[in-house]
Number of protein chains: 2
Amino acid sequence: MEAVIFGASIGVSVLAFLFAAWLYRWIRRQPSDNLRIEELSGLIRRGANVFIGREYRAMAMFTLVASVIVFVLLPSPIWQPDPDIGILANVQMLISYLIGTVFSATAGKIGIAVATRANSRTAVAATKGIKPSFLCGFRGGAVMGLAVVGACLLGVSLVFIVTDNGTALLGFSFGASSLALFAKAGGGIFTKTADVAADVTGKVELGIPEDDPRNPAVIADNVGDNVGDVAGMGADLFDSNVAAMAAALVMGSALDKIVGGGSGGGSGGGSDRYYVTTVFCYAAIGLLASIIGVATARMGKKGNPTSALNASTYVTTALFALLTAGATLLLDAYWRPGAGGLDLGLWRIWGASAVGLLVGTVIGIVTDYFTDDRRRPVRQTSLASKDGPAFTMLSGMSYALLSTLPAMVGIGVSALAAYLLCAPLGAASGNEAEFAFFGISMAAVGMLSIVGMIISNDAYGPIVDNARGLAEMGNLGDDVVEITDTLDSAGNTVKAVTKGFAIGAAGLTVIALLGAFLAEVNEAAAKLGVKGFNGFDLMNPYVFFGILVGAAVPAVFSAMLMLGVNRNAMRMVDEIHRQFREIVGLKEGKKGVTPEYDKCIDIATTGALRELIPAGLFAIAATLVVGFVGGVDAIGGYLTGNIVSGLLLALFMSNAGGLWDNTKKYVESGHDGGKGSDTHKAAVIGDTVGDPFKDTAGPSINTQITVCSLVSSLMSTLFLSFSLPALF
Amino acid sequence: MEAVIFGASIGVSVLAFLFAAWLYRWIRRQPSDNLRIEELSGLIRRGANVFIGREYRAMAMFTLVASVIVFVLLPSPIWQPDPDIGILANVQMLISYLIGTVFSATAGKIGIAVATRANSRTAVAATKGIKPSFLCGFRGGAVMGLAVVGACLLGVSLVFIVTDNGTALLGFSFGASSLALFAKAGGGIFTKTADVAADVTGKVELGIPEDDPRNPAVIADNVGDNVGDVAGMGADLFDSNVAAMAAALVMGSALDKIVGGGSGGGSGGGSDRYYVTTVFCYAAIGLLASIIGVATARMGKKGNPTSALNASTYVTTALFALLTAGATLLLDAYWRPGAGGLDLGLWRIWGASAVGLLVGTVIGIVTDYFTDDRRRPVRQTSLASKDGPAFTMLSGMSYALLSTLPAMVGIGVSALAAYLLCAPLGAASGNEAEFAFFGISMAAVGMLSIVGMIISNDAYGPIVDNARGLAEMGNLGDDVVEITDTLDSAGNTVKAVTKGFAIGAAGLTVIALLGAFLAEVNEAAAKLGVKGFNGFDLMNPYVFFGILVGAAVPAVFSAMLMLGVNRNAMRMVDEIHRQFREIVGLKEGKKGVTPEYDKCIDIATTGALRELIPAGLFAIAATLVVGFVGGVDAIGGYLTGNIVSGLLLALFMSNAGGLWDNTKKYVESGHDGGKGSDTHKAAVIGDTVGDPFKDTAGPSINTQITVCSLVSSLMSTLFLSFSLPALF
């Protein structure tokens, strides 16, 4: 059965790629006959490719340095090679690491390629109506979604089949995360630099509309949507998905050793590794469900794009729950042929992943409450804005702080439920904790099962946002702009629900990674012949010290990114002022006079690359310092502090940003004074603050936590040998 | 020796009260011959007394209900009375609880009485020069400082001597905290309601100066300074101080049982309870050092009030370090008469408290960096404000997020150092953890040793702030206003340093209370005959669930307070608009036309009382829910999550508020455009957001954490018996 499922995983990945390629060709075949729009779209595509090129070159330098470190030190220092397979372990680790970065980068590249082509087609299609336009935007996003999840499943399968080693998988995951850390942060800084600078000079100072072609930052703003929200976000979710699978496989392998899976003994398919096979089975079903969800997505008769997007999400969710139940039935029957056969507790594991899926949905719906303009938080913030921007700030931040409670409780409850469901499986063998953490990782896999849909919906957003800009700049008329506006606001609404899934899943994944870390530590301790760890006691001062320091890291990391956006946006504002001053006729919109778009793109690119490095290095360095100063105990606490404050800040920032965005839109649609009123000015200020919150700092925190977790797991041997408590 | 030190503690408390009474008489003898100022000061005093009266009546109702619950349930339910002393334990608990509330309330009352008299004298004294004015303001603050610390030491001494019971002391501490929770939150809502409403209508809408007597909110604003920053802050630090002593005494008593102190055995003073005696000795020395610090405070020749305030703080710090070293020498010699005598490790304990003092100073200095207008954060935020308020927000929040790192690391390092210093003392008896947590509590006692000076300096602030308002409203001339301005800004500067101590000490105290909680749980478990706890393992799902929920509680608590301020300020803004509309001649400043100040005071009072109750109850209810759902393990995690996110948010909010306040002042002093410029408008918006951050939500979080800790410790028996995991 194991070989069948492994084969099926690879098969489904290939299917995903084939379907993505078909969609890509479909998009390229859509009409794109407006020269002005093609020209603008070309500018955006060129800008995005320049940025991605320079970013990937910088990443390549980082990867080169990191490769040497990885090879020399991981999983064991080469002067103390792995007792089982020697230096081959380091080679496996290095190759896995490199594959992780390359797969992640490739998925990002694909996303950019399709998104910067789908934008013009979506704009042109909007001249024929909302339905074809929607389909074009959605399918553009789906290419990215399927490519990312396909690459994830394919990469994980190959690495696991070839190396047969959980630690190498963590290396693959580390490659994906370290790329995601920079891609997400760099893209986030780029996009918000351009967005904020364009808003401040355009909307606020000159009073010209968004996407006005006179604004030198307008192309950079559209490029930013692609590099930040398509490539960056794709790298982020690729990373989460790989990390969740890696955690599940590391712990699943351990369980298989416990129950004797893969040993050829046992009944039925005794040569199968039961739990590992189950993980691949779930992952393949998740991707299959996403493919079906994408393929069946259509706008209904009422022409409501929000319902269409949500419907495909719910189709995927339901399909996943049903198909995994069916698979559980089959696998259970196959592995337990007669009465009194081997009980692997597969139904409990299915329960854990169903809990993850359910809680993800609940978190999404609750998050939606705090950012929906029909609800109290947005309405009250709009009302408060009448008294000035200070009240916009206070009201928005207060509701965003409140919004953290349901998600934190939800993550806590799902982890607890998954733990309690699966712990009894280890009762007989005394391995409750191992089974329990496997359960938590399966809850994360469950929450992430619909990640293909999440990415599709998320990438749909910037495509239709770009299309809106192109429609405006290309003078396609008010009707077309209105259609793209409707599509755009649908993207914002569904984002709230999918973001609930993404943050919840990241939370569960890092909790599972904490379990993986403990497993790695104990494996390393056994090899070194030192005492293993049962857990991390809060009463241990090193653990507590680690918690306090770990909690401060996401705060500092996000602050560094926001200060980077600030500095960078100010540089760009200066450049825009210069252009308006020096280019004659630009301000007045004289025919034939165009701004120097490239200069702004260049500032955003250079600045983003300069600002993202210190933040990423800080997170990695802080982990190493805590590990070498306080040892493994301190790292256990550090990761916990990191998870707790990271989730809190990510939820706070994402929801505050979403709330302010929708408050602005609510006022613009004519409430509490409408466009141009003082309320509107206050709401615009709120939105400007919210932009780096929700699109730079907030989402980057997830990746930062994952990177710190993986660095800790990979360095566990070194922390055991060379930390201060180990030395004294 | 024990009796001598107990006597000395009570003696020093009485001395503090006598000195405070002398200072109070001194203040009342200062000239106050300006009728207009006396009238205005009378209005402020009456307003403050009305609020305090109504607040205390509301508190009395709460206390009445809580008393019944305390008596019925604590420390053991009356249907399962304490096995040793039966129902007497509940009586002791009830009386301790009531004394805690009464002492805290009395100290607040004293503070209001002196502050509302010192304000007019300080204003009048400013007509003679800065030195007499400074002395008047400083001594007014000192009365509050000495009264609070005297009441704390006296109360703790009496409760401990009479009941001889650590749990009863936690009841005393709970009384103090529950009062502080409401006093700090209620006062904080009151003061910021008035401040924000006065600023929005006065400075922003009408362009009239701060403290303009035409503004109906101006008296409420001055009342707010007293009820929020004097009474509320005093209750807060009373609570921290009591909690730190209670934690030290609970754990000191346990240590005395271990080493056989108080048993009459051992060498030297074998009938002494060594560690308990040491705690009282340190506390008495701290108060004595504060008395000397206050008595010697004078402005030097250069007439710089900041140096004068800092000098008295450093005098107190140095005195405490020296005197405790002397006491350690004496006690060690007394208790260890010959070679090979009993080694109590007193020097290690002294080291722990010295570490606390040192780290407190470092945190203070670092915090100062982020709020000082000669440093990068304020300068950059001012510069960013040129591009509009969105950048004021982003820059300020980013620096405030950065500012959390040094304080979190500092608290972590001091807890770790204290632990490592003191743990070896228990190595022989196998009680490392007990000694270590005692060490942490002594580090907190060390940090809080100068609490008398902290409160003096903090209460000095609102007095001179009031004096500034009175000088302006009473037309004492520009020179006098300038003198009071100088005194006021000195108050703001020293606040940053003392606030570092306060937050650091609160952090250490709650960590120590976590130790006290574990001790209480194990004592309760022994009585119930169930298995005790070694600690709280992060890998335990209940612990992790508790951490996630606990981390969200300070976020929700502070959001509820800020939303309360928002709602209340809007009500007051409506009232001010009404008065300007309906009272003829008010806007124009016609002679003889005065606004209806009382209406605004009434709105602030009613609103504050209405808004503070839900937030306080939420914190208590959340603790109970987690305890009954997840049991003792979940509570261990819950308190940890609470501490970590509470410290993070408190530091973030306090420092953001201080940074924005000083940015505004920096711009007002003529930088980046100066008063009236767009930069200034942006900076004022920053300050308005910062006000509830730094004076309502931020400082209330400390109290909220302490209350949750104490509720948990007191309810430990019930959580052990009736939680879901205990039942199943």
# chains A, B, ... in the order shown; residues from 1 in each chain; ligands from 1

$ residues_around --residues "range 64-81 of chain A" --least-positions-apart "3" --cutoff "8 Å" --atoms "only C-alpha atoms" --output "ChimeraX atom specification"
/A:60-61,86-87,89-91,93-94,97-98,167,714-715,717-718

$ residues_around --residues "range 505-513 of chain A" --least-positions-apart "4" --cutoff "8 Å" --atoms "only C-alpha atoms" --output "PyMOL selection string"
chain A and resi 240+243-244+247-248+356+360+411+415+437-438+440-441+443-445+447-448+501+517+643+647+702+705-706+709-710

$ residues_around --residues "Ala220 in chain B" --least-positions-apart "3" --cutoff "6 Å" --atoms "only C-alpha atoms" --output "ChimeraX atom specification"
/B:194,217,223-224,601

$ write_last_selection --atoms "N, CA, C and O atoms" --output "PDB file, in the first residue's frame"
ATOM      1  N   ALA B 194     -11.081  62.744  29.982  1.00  0.00           N
ATOM      2  CA  ALA B 194     -11.061  64.198  30.083  1.00  0.00           C
ATOM      3  C   ALA B 194      -9.940  64.784  29.245  1.00  0.00           C
ATOM      4  O   ALA B 194     -10.117  65.790  28.546  1.00  0.00           O
ATOM      5  N   ALA B 217     -13.990  71.034  29.840  1.00  0.00           N
ATOM      6  CA  ALA B 217     -13.355  69.792  30.296  1.00  0.00           C
ATOM      7  C   ALA B 217     -12.082  70.060  31.083  1.00  0.00           C
ATOM      8  O   ALA B 217     -11.437  69.126  31.560  1.00  0.00           O
ATOM      9  N   VAL B 223      -8.679  67.113  37.388  1.00  0.00           N
ATOM     10  CA  VAL B 223      -9.134  66.091  38.341  1.00  0.00           C
ATOM     11  C   VAL B 223      -8.563  64.740  37.933  1.00  0.00           C
ATOM     12  O   VAL B 223      -8.076  63.969  38.762  1.00  0.00           O
ATOM     13  N   GLY B 224      -8.599  64.481  36.639  1.00  0.00           N
ATOM     14  CA  GLY B 224      -8.111  63.206  36.124  1.00  0.00           C
ATOM     15  C   GLY B 224      -6.668  62.946  36.489  1.00  0.00           C
ATOM     16  O   GLY B 224      -6.291  61.825  36.842  1.00  0.00           O
ATOM     17  N   ILE B 601     -17.192  66.589  34.681  1.00  0.00           N
ATOM     18  CA  ILE B 601     -16.676  65.700  35.737  1.00  0.00           C
ATOM     19  C   ILE B 601     -17.646  64.538  35.936  1.00  0.00           C
ATOM     20  O   ILE B 601     -17.239  63.377  36.089  1.00  0.00           O
TER      21      ILE B 601
END

$ interface_residues --of "chain A" --to "chain B" --cutoff "7 Å" --atoms "only C-alpha atoms" --output "NGL selection string"
:A and (390 or 393-395 or 398-399 or 401-402 or 404-405 or 408-409 or 412-413 or 416 or 419 or 535-539 or 541-542 or 545 or 548-549 or 551-552 or 555-556 or 559 or 562-563 or 644-645 or 685 or 688-689)

$ closest_atom_pairs --of "range 143-201 of chain B" --to "range 7-13 of chain B" --cutoff "8 Å" --atoms "only C-alpha atoms" --output "Markdown table"
| residue | atom | partner | partner_atom | distance |
| --- | --- | --- | --- | --- |
| B:Val149 | CA | B:Ser13 | CA | 7.7 |
| B:Gly150 | CA | B:Ser13 | CA | 4.4 |
| B:Ala151 | CA | B:Ser13 | CA | 7.1 |
| B:Leu153 | CA | B:Ser13 | CA | 6.2 |
| B:Leu154 | CA | B:Ser13 | CA | 5.7 |
| B:Ser157 | CA | B:Ile10 | CA | 6.9 |

$ residues_around --residues "Ile52 in chain B" --least-positions-apart "6" --cutoff "10 Å" --atoms "only C-alpha atoms" --output "MDAnalysis selection string"
chainID B and resid 46 58 105 108:109 112 183 186:187 227 231 605

$ residues_around --residues "range 284-296 of chain A" --least-positions-apart "6" --cutoff "9 Å" --atoms "only C-alpha atoms" --output "PyMOL selection string"
chain A and resi 5+8-13+15-16+19+138-139+142+145-146+149-150+153+311-320+323-324+327+445-446+448-453+456

$ select_by_dssp --residues "range 649-678 of chain B" --states "alpha helix (DSSP H)" --output "list of chain:residue names"
B:Leu649, B:Ala650, B:Leu651, B:Phe652, B:Met653, B:Ser654, B:Asn655, B:Ala656, B:Gly657, B:Gly658, B:Leu659, B:Trp660, B:Asp661, B:Asn662, B:Thr663, B:Lys664, B:Lys665, B:Tyr666, B:Val667, B:Glu668, B:Asp678

$ residues_around --residues "range 366-371 of chain A" --least-positions-apart "5" --cutoff "7 Å" --atoms "only C-alpha atoms" --output "ChimeraX atom specification"
/A:377-378,403,496-497,500,655,658-659,662

$ write_last_selection --atoms "C-alpha atoms" --output "compact mmCIF listing (two decimals), in the first residue's frame"
# COMPACT_ATOMS: atom_id res chain seq x y z
CA PRO A 377 -16.04 46.80 14.57
CA VAL A 378 -15.85 48.43 11.13
CA SER A 403 -9.93 39.77 17.67
CA ALA A 496 -10.31 37.22 5.81
CA VAL A 497 -11.59 33.65 5.85
CA GLY A 500 -7.92 32.56 9.43
CA ASN A 655 -6.89 42.11 11.53
CA GLY A 658 -8.07 44.45 7.29
CA LEU A 659 -10.39 46.41 9.54
CA ASN A 662 -12.63 47.99 4.99

$ residues_around --residues "Ala147 in chain B" --least-positions-apart "3" --cutoff "8 Å" --atoms "only C-alpha atoms" --output "count of residues only"
10
